[in-house]
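Below is input05.txt, which holds compact mmCIF, C-alpha atoms.
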# COMPACT_ATOMS: atom_id res chain seq x y z
CA LEU A 1 -0.88 -5.51 12.70
CA GLU A 2 -4.36 -6.93 12.30
CA SER A 3 -4.78 -10.69 12.55
CA THR A 4 -6.49 -12.65 9.77
CA LEU A 5 -9.65 -12.92 11.89
CA GLU A 6 -9.66 -9.18 12.58
CA ILE A 7 -9.19 -8.50 8.88
CA GLY A 8 -12.01 -10.90 8.09
CA ARG A 9 -14.35 -9.24 10.57
CA SER A 10 -13.61 -5.83 9.07
CA ILE A 11 -14.29 -7.11 5.54
CA VAL A 12 -17.63 -8.69 6.52
CA LEU A 13 -18.77 -5.62 8.45
CA GLY A 14 -17.77 -3.44 5.51
CA ALA A 15 -19.88 -5.63 3.23
CA VAL A 16 -22.85 -5.44 5.62
CA PHE A 17 -22.82 -1.77 6.64
CA GLY A 18 -20.85 -0.06 3.84
CA GLU A 19 -21.15 3.72 3.85
CA CYS A 20 -23.70 3.62 6.68
CA GLY A 21 -21.12 2.29 9.14
CA ILE A 22 -18.37 4.87 8.73
CA LYS A 23 -18.02 8.17 10.58
CA GLY A 24 -21.16 10.24 10.02
CA GLY A 25 -23.11 7.28 8.62
CA SER A 26 -26.64 6.48 9.75
CA LEU A 27 -25.52 3.21 11.39
CA ALA A 28 -22.09 4.30 12.60
CA GLY A 29 -23.03 3.46 16.17
CA PHE A 30 -23.32 -0.21 15.28
CA VAL A 31 -19.70 -0.50 14.11
CA ASP A 32 -16.67 0.00 16.32
CA SER A 33 -14.77 3.08 15.14
CA GLU A 34 -11.49 1.16 14.90
CA ILE A 35 -13.10 -1.34 12.55
CA ALA A 36 -14.97 1.28 10.52
CA SER A 37 -11.72 3.17 9.93
CA SER A 38 -9.84 0.04 8.86
CA ALA A 39 -8.78 -0.15 5.22
CA TYR A 40 -10.12 -3.71 5.25
CA TYR A 41 -13.57 -2.38 6.12
CA LEU A 42 -13.24 -0.27 2.98
CA VAL A 43 -12.30 -3.39 1.00
CA GLY A 44 -15.43 -5.16 2.21
CA TRP A 45 -17.53 -2.12 1.37
CA ILE A 46 -16.26 -1.56 -2.16
CA GLY A 47 -15.85 -5.25 -2.87
CA PHE A 48 -19.27 -6.53 -1.94
CA SER A 49 -21.86 -3.86 -1.17
CA LEU A 50 -21.59 -1.15 -3.84
CA VAL A 51 -23.55 -2.97 -6.53
CA PRO A 52 -26.58 -4.99 -5.42
CA VAL A 53 -25.69 -8.65 -5.88
CA ALA A 54 -27.59 -11.48 -4.28
CA GLY A 55 -25.56 -13.18 -1.58
CA ALA A 56 -22.97 -10.41 -1.21
CA VAL A 57 -22.54 -11.02 2.52
CA ALA A 58 -22.16 -14.74 1.92
CA ASP A 59 -19.54 -13.94 -0.73
CA ALA A 60 -17.70 -11.78 1.79
CA ARG A 61 -17.80 -14.67 4.25
CA ASP A 62 -16.33 -16.96 1.58
CA ALA A 63 -13.54 -14.46 0.94
CA VAL A 64 -12.69 -14.42 4.63
CA GLN A 65 -12.59 -18.21 4.70
CA ALA A 66 -10.19 -18.14 1.75
CA LEU A 67 -7.99 -15.71 3.69
CA ILE A 68 -8.01 -18.03 6.68
CA ASN A 69 -7.05 -20.86 4.34
CA GLY A 70 -3.98 -18.91 3.30
CA ASP A 71 -5.00 -17.19 0.05
CA GLU A 72 -3.67 -13.72 -0.74
CA LEU A 73 -6.18 -10.90 -0.24
CA GLY A 74 -6.70 -10.11 -3.91
CA ALA A 75 -7.08 -13.76 -4.91
CA ALA A 76 -9.52 -14.41 -2.08
CA LEU A 77 -11.71 -11.47 -3.08
CA ASN A 78 -11.59 -12.36 -6.75
CA ALA A 79 -12.54 -15.98 -6.12
CA ALA A 80 -15.47 -14.87 -3.98
CA GLY A 81 -16.85 -12.64 -6.72
CA ALA A 82 -15.88 -9.21 -5.40
CA PHE A 83 -16.06 -6.23 -7.78
CA SER A 84 -18.30 -8.22 -10.10
CA GLY A 85 -21.06 -5.69 -10.73
CA ILE A 86 -21.30 -3.42 -13.77
CA GLY A 87 -20.48 0.16 -12.80
CA ASP A 88 -18.18 -0.78 -9.94
CA GLY A 89 -15.46 1.53 -11.22
CA VAL A 90 -17.21 4.86 -10.74
CA LYS A 91 -18.89 3.84 -7.48
CA THR A 92 -15.64 2.44 -6.15
CA GLY A 93 -13.79 5.69 -6.81
CA VAL A 94 -16.49 7.71 -5.05
CA ALA A 95 -16.46 5.33 -2.07
CA VAL A 96 -12.68 5.45 -1.68
CA SER A 97 -12.72 9.25 -1.88
CA LEU A 98 -15.45 9.42 0.77
CA PHE A 99 -13.61 7.00 3.06
CA PHE A 100 -10.39 8.98 2.71
CA SER A 101 -12.23 12.23 3.51
CA LYS A 102 -13.48 10.66 6.75
CA TYR A 103 -10.14 9.12 7.73
CA PRO A 104 -7.38 11.22 6.08
CA THR A 105 -4.70 9.92 8.45
CA LYS A 106 -5.26 6.43 7.04
CA ILE A 107 -3.89 7.27 3.58
CA VAL A 108 -0.77 5.10 3.93
CA GLU A 109 -2.77 2.12 5.21
CA ILE A 110 -5.40 2.58 2.50
CA CYS A 111 -2.79 2.60 -0.28
CA LYS A 112 -0.95 -0.38 1.19
CA VAL A 113 -4.10 -2.50 1.46
CA LEU A 114 -5.64 -1.46 -1.85
CA SER A 115 -2.37 -2.24 -3.64
CA LYS A 116 -2.97 -5.89 -2.68
CA VAL A 117 -6.21 -6.08 -4.66
CA LEU A 118 -5.53 -3.96 -7.74
CA ASP A 119 -4.13 -6.87 -9.75
CA ASP A 120 -7.30 -8.87 -9.16
CA ILE A 121 -9.98 -6.34 -10.05
CA PRO A 122 -11.13 -5.10 -13.48
CA PRO A 123 -8.73 -2.53 -15.03
CA TYR A 124 -11.32 0.25 -15.12
CA THR A 125 -12.09 -0.26 -11.45
CA ALA A 126 -8.37 -0.30 -10.64
CA LEU A 127 -7.98 3.03 -12.44
CA LYS A 128 -10.83 4.56 -10.47
CA VAL A 129 -9.39 3.30 -7.18
CA MET A 130 -6.06 4.94 -7.98
CA ASP A 131 -7.77 8.08 -9.32
CA SER A 132 -9.59 8.55 -6.04
CA LEU A 133 -6.26 8.89 -4.25
CA CYS A 134 -4.34 10.90 -6.86
CA ASP A 135 -6.76 13.42 -8.41
CA ASP A 136 -7.51 11.36 -11.54
CA ALA A 137 -3.84 11.13 -12.50
CA ALA A 138 -4.10 7.40 -13.23
CA THR A 139 -6.76 7.82 -15.91
CA ALA A 140 -4.93 10.82 -17.37
CA LEU A 141 -1.70 8.86 -17.68
CA HIS A 142 -3.54 5.89 -19.18
CA THR A 143 -5.75 7.70 -21.68
CA ALA A 144 -3.61 10.69 -22.67
CA HIS A 145 -0.17 9.10 -22.47
CA SER A 146 -0.84 5.37 -23.02
CA VAL A 147 0.71 4.26 -19.74
CA SER A 148 -0.61 0.74 -19.16
CA VAL A 149 -2.81 -0.12 -16.18
CA ASP A 150 -0.25 -2.75 -15.13
CA THR A 151 2.47 -0.08 -15.05
CA LEU A 152 0.28 2.28 -13.04
CA ILE A 153 -0.44 -0.50 -10.54
CA LYS A 154 3.29 -1.20 -10.25
CA LEU A 155 3.95 2.46 -9.51
CA PHE A 156 1.07 2.58 -7.03
CA ASP A 157 2.35 -0.56 -5.30
CA LYS A 158 5.70 1.15 -4.81
CA GLY A 159 4.05 4.18 -3.24
CA VAL A 160 4.87 6.46 -6.16
CA ASP A 161 2.78 9.64 -6.36
CA LEU A 162 0.97 9.33 -9.71
CA ASN A 163 0.36 13.08 -9.72
CA LYS A 164 4.12 13.55 -9.75
CA VAL A 165 4.49 11.08 -12.62
CA ARG A 166 1.81 12.94 -14.56
CA THR A 167 3.62 16.24 -13.99
CA LEU A 168 6.91 14.75 -15.15
CA VAL A 169 5.35 13.38 -18.34
CA GLU A 170 3.38 16.53 -19.16
CA ASN A 171 6.13 19.05 -18.39
CA THR A 172 7.71 21.10 -21.16
CA TYR A 173 11.41 21.31 -20.37
CA THR A 174 12.97 24.63 -21.42
CA GLY A 175 16.63 24.12 -20.57
CA VAL A 176 16.81 25.30 -16.98
CA TRP A 177 19.34 23.08 -15.21
CA SER A 178 18.55 21.65 -11.79
CA SER A 179 20.43 23.13 -8.86
CA GLY A 180 21.44 19.83 -7.27
CA LYS A 181 23.78 20.47 -4.35
CA LEU A 182 25.86 23.03 -6.23
CA GLY A 183 23.43 25.54 -7.66
CA SER A 184 22.14 25.55 -11.23
CA ALA A 185 25.18 27.06 -12.99
CA ALA A 186 27.75 25.03 -11.08
CA ASN A 187 25.70 21.85 -11.48
CA LEU A 188 25.55 22.36 -15.25
CA ASP A 189 29.31 22.93 -15.31
CA TYR A 190 29.80 19.70 -13.38
CA HIS A 191 27.68 17.62 -15.76
CA PHE A 192 29.17 19.23 -18.87
CA THR A 193 32.68 18.55 -17.57
CA LYS A 194 31.80 14.95 -16.76
CA HIS A 195 29.75 14.08 -19.86
CA GLY A 196 30.37 16.69 -22.56
CA LYS A 197 33.05 14.67 -24.34
CA GLU A 198 30.60 11.76 -24.69
CA PHE A 199 28.83 13.95 -27.26
CA GLY A 200 31.92 15.19 -29.08
CA LEU A 201 32.04 18.44 -27.11
CA SER A 202 34.94 19.96 -25.20
CA GLY A 203 33.61 19.42 -21.69
CA ASN A 204 35.28 22.68 -20.70
CA PRO A 205 32.91 24.90 -18.65
CA ALA A 206 34.54 27.97 -20.21
CA ASP A 207 33.33 26.79 -23.64
CA LEU A 208 29.98 28.59 -23.54
CA ALA A 209 28.96 27.58 -27.06
CA GLY A 210 29.72 23.93 -26.39
CA LYS A 211 27.92 24.04 -23.08
CA GLN A 212 24.85 25.51 -24.77
CA GLN A 213 24.96 22.71 -27.34
CA TYR A 214 24.94 20.23 -24.46
CA VAL A 215 21.88 21.91 -22.93
CA ASP A 216 20.12 22.06 -26.30
CA MET A 217 20.67 18.33 -26.84
CA ALA A 218 19.21 17.61 -23.41
CA VAL A 219 16.14 19.76 -24.09
CA ALA A 220 15.54 18.21 -27.50
CA LEU A 221 15.76 14.67 -26.14
CA ILE A 222 13.62 15.11 -23.04
CA ASN A 223 10.83 16.76 -25.05
CA GLU A 224 10.99 14.16 -27.84
CA GLN A 225 7.83 12.11 -28.33
CA VAL A 226 8.93 9.71 -31.08
CA GLY A 227 11.62 7.03 -31.06
CA VAL A 228 12.38 7.27 -27.35
CA GLU A 229 11.56 5.32 -24.20
CA LYS A 230 10.31 7.13 -21.10
CA TYR A 231 10.93 5.83 -17.60
CA TYR A 232 10.15 6.78 -14.03
CA ASP A 233 13.34 6.51 -12.00
CA THR A 234 12.28 5.35 -8.54
CA LEU A 235 15.72 6.10 -7.08
CA HIS A 236 15.74 9.79 -7.94
CA GLY A 237 12.04 10.43 -8.57
CA THR A 238 12.79 11.80 -12.03
CA LEU A 239 11.69 11.24 -15.61
CA GLY A 240 14.27 9.46 -17.72
CA VAL A 241 14.12 9.63 -21.52
CA TYR A 242 16.28 7.11 -23.35
CA GLU A 243 17.21 6.91 -27.01
CA ARG A 244 18.24 3.28 -27.30
CA SER A 245 19.78 3.62 -30.76
CA THR A 246 22.37 6.15 -29.53
CA GLY A 247 22.45 5.48 -25.78
CA LYS A 248 21.54 9.08 -25.00
CA PHE A 249 19.81 9.41 -21.63
CA VAL A 250 18.39 12.59 -20.13
CA ALA A 251 16.66 13.09 -16.79
CA GLY A 252 14.31 15.83 -15.67
CA ASN A 253 12.52 16.73 -12.44
CA LYS A 254 8.97 17.83 -11.69
CA GLU A 255 10.06 21.48 -11.72
CA SER A 256 10.73 21.11 -15.48
CA GLN A 257 14.48 21.25 -14.91
CA ILE A 258 17.12 19.10 -16.60
CA ALA A 259 19.04 16.92 -14.15
CA THR A 260 21.63 15.31 -16.43
CA LEU A 261 22.48 14.13 -19.95
CA PHE A 262 24.90 11.30 -20.66
CA ILE A 263 25.42 8.07 -22.56
CA ARG A 264 23.88 5.10 -20.73
CA THR A 265 24.09 1.44 -21.67
CA ALA A 266 20.86 -0.44 -22.29
CA LYS A 267 22.00 -3.05 -19.77
CA GLU A 268 21.86 -0.49 -16.95
CA ILE A 269 18.18 0.07 -17.64
CA ASP A 270 17.14 -3.43 -18.64
CA ASN A 271 18.79 -5.03 -15.60
CA ASN A 272 17.07 -2.66 -13.16
CA PRO A 273 13.32 -2.92 -13.89
CA ASN A 274 12.39 -2.04 -10.32
CA ARG A 275 14.33 1.20 -10.53
CA PHE A 276 13.52 2.17 -14.11
CA ILE A 277 9.79 1.65 -14.65
CA ARG A 278 8.92 1.98 -18.33
CA LEU A 279 6.08 4.44 -18.87
CA ILE A 280 5.96 4.86 -22.63

Give the structure from the file, written as structure tokens.
Amino acid sequence: LESTLEIGRSIVLGAVFGECGIKGGSLAGFVDSEIASSAYYLVGWIGFSLVPVAGAVADARDAVQALINGDELGAALNAAGAFSGIGDGVKTGVAVSLFFSKYPTKIVEICKVLSKVLDDIPPYTALKVMDSLCDDAATALHTAHSVSVDTLIKLFDKGVDLNKVRTLVENTYTGVWSSGKLGSAANLDYHFTKHGKEFGLSGNPADLAGKQQYVDMAVALINEQVGVEKYYDTLHGTLGVYERSTGKFVAGNKESQIATLFIRTAKEIDNNPNRFIRLI
């Protein structure tokens, strides 16, 4: 783990040298490779040197002093005026993408460090930071599906793949049942036996018509766009669609398969906000 002073040095050097100091840059020889590949170097670069602002290095120094004084990273950067220039969003996304291309093994560290500053930077810039690491999925979820920036940051902070979330939301589910541990047919039989009676059906796997009704209800609910709540289930990595008025809950996976359909109490969802993250 880097000490506060080491973090501070990386931030200041990132502010001073920026793109020029990383691998392949014109001044790479002036910056130790360990520092240049640090996610905190990236923070200094995107926070203070992307948009010409008088006193950027002094601002970076002030941010480091705030860190030494005990401030959280995001608060320290924000107080020192990081990410203050117009146009930061696009340039930030490009810079993060370039940094990742130079140091692909640093992806976990980059995400972990950047998650500390997302709450303290402008929403558009936060979107572009996340986009640069997930093929523009953040902006797609925000603009096309009205997922809030705060929700996207929460998902990002938890290490959730936003591309996966986008796939889950944009899937069209046709009624194929997930295989689980039993195989698709046996897994459907299991869920129909367990939950069919909750919907006024027999729950008998031999009742083919009833079982098809169960599947049809699941398909209709998971593809519904009106009057439902959509969640990302961090425990199972699935999309959950909940009809609060009836208690119907259906889950689907990224392969467009149905995972389950049953009656769930609102309390189960409302009391577990870190598991069920509301998307829409």

Atom CA of A:Ile263 and atom CA of A:Val165 are how many Å apart?
-> 23.4 Å

List the neighbours of stretch 110-119 of chain A out to 10 Å using all atoms listed in the file; skip same-chain residues closer than 6 positions along the sequence, and give me the result as a ChimeraX atom specification.
-> /A:37-40,42-43,47,72-78,96,99-100,103-104,125-127,129-130,133,149-150,153-159

Selected residue of minimal separation from A:Met217 among A:Gly183, A:Gly175, A:Gly240, A:Gly24, counting all atoms listed in the file =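 That would be A:Gly175, the residue with the smallest distance to A:Met217.
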
Excluding A:Glu6 and residues on its chain fewer than 6 positions from it, collect all residues at most 12 Å away from it, counting only C-alpha atoms, and give them as an mmCIF file with C-alpha atoms, in the frame of the given file.
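As a result, part_5.cif now contains:
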data_model
loop_
_atom_site.group_PDB
_atom_site.id
_atom_site.type_symbol
_atom_site.label_atom_id
_atom_site.label_comp_id
_atom_site.auth_asym_id
_atom_site.auth_seq_id
_atom_site.Cartn_x
_atom_site.Cartn_y
_atom_site.Cartn_z
ATOM 1 C CA VAL A 12 -17.630 -8.690 6.520
ATOM 2 C CA LEU A 13 -18.770 -5.620 8.450
ATOM 3 C CA GLU A 34 -11.490 1.160 14.900
ATOM 4 C CA ILE A 35 -13.100 -1.340 12.550
ATOM 5 C CA ALA A 36 -14.970 1.280 10.520
ATOM 6 C CA SER A 38 -9.840 0.040 8.860
ATOM 7 C CA ALA A 39 -8.780 -0.150 5.220
ATOM 8 C CA TYR A 40 -10.120 -3.710 5.250
ATOM 9 C CA TYR A 41 -13.570 -2.380 6.120
ATOM 10 C CA VAL A 64 -12.690 -14.420 4.630
ATOM 11 C CA LEU A 67 -7.990 -15.710 3.690
ATOM 12 C CA ILE A 68 -8.010 -18.030 6.680
#

Can you work out which one of A:Thr167, A:Thr193, A:Asn272, A:Thr4 has the shortest atom-to-atom distance to A:Lys254, counting all atoms listed in the file?
->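 Ranked by minimum distance to A:Lys254, first place goes to A:Thr167.
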
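Going from atom CA of A:Lys267 over to atom CA of A:His236, you cover 18.5 Å.
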
Neighbouring residues of A:Ser146 were defined as those with any atom within 12 Å, considering only C-alpha atoms; residues of the same chain fewer than 6 positions away were excluded. Please report them as a PDB file with C-alpha atoms, in the coordinates of the input.
ATOM      1  CA  ALA A 138      -4.100   7.400 -13.230  1.00  0.00           C
ATOM      2  CA  THR A 139      -6.760   7.820 -15.910  1.00  0.00           C
ATOM      3  CA  ALA A 140      -4.930  10.820 -17.370  1.00  0.00           C
ATOM      4  CA  LEU A 152       0.280   2.280 -13.040  1.00  0.00           C
ATOM      5  CA  ARG A 166       1.810  12.940 -14.560  1.00  0.00           C
ATOM      6  CA  VAL A 169       5.350  13.380 -18.340  1.00  0.00           C
ATOM      7  CA  LYS A 230      10.310   7.130 -21.100  1.00  0.00           C
ATOM      8  CA  ARG A 278       8.920   1.980 -18.330  1.00  0.00           C
ATOM      9  CA  LEU A 279       6.080   4.440 -18.870  1.00  0.00           C
ATOM     10  CA  ILE A 280       5.960   4.860 -22.630  1.00  0.00           C
TER      11      ILE A 280
END

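Distance annotation: of A:Lys91, A:Arg264, A:Lys23, A:Lys102, the residue with the minimal separation from A:Trp45 is A:Lys91; atom set is all atoms listed in the file.
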
Selected residue, from A:Leu235, A:Ala28, A:Val176, A:Ala185, that lies nearest to A:Ile258 when counting all atoms listed in the file =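 Comparing A:Leu235, A:Ala28, A:Val176, A:Ala185 against A:Ile258, the winner is A:Val176.
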
Choose the residue, out of A:Val90, A:Val226, A:Ala218, A:Cys134, that has the smallest atom-to-atom separation from A:Phe199; count only C-alpha atoms.
->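 For A:Phe199, the nearest of the given residues is A:Ala218.
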
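Take atom CA of A:Ala259 and atom CA of A:Tyr190: the distance between them is 11.1 Å.
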
Using all atoms listed in the file: which of A:Ile121, A:Thr151, A:Asp161, A:Gly252 has the shortest distance to A:Ala137 |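 Of the candidates, the smallest distance to A:Ala137 is held by A:Asp161.
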
Give me the residues within 8 Å of A:Arg244 as a VMD selection string, counting only C-alpha atoms and dropping any in the same chain fewer than 3 places off.
-> chain A and resid 228 to 229 247 to 248 266

Given 5 Å on each side, where is the centre and what are the edge lengths in Å to one decimal of the axis-aligned box enclosing the listed atoms of stretch 165-177 of chain A, as lines of an AutoDock Vina configuration file?
center_x = 10.6
center_y = 18.2
center_z = -17.0
size_x = 27.5
size_y = 24.2
size_z = 18.8
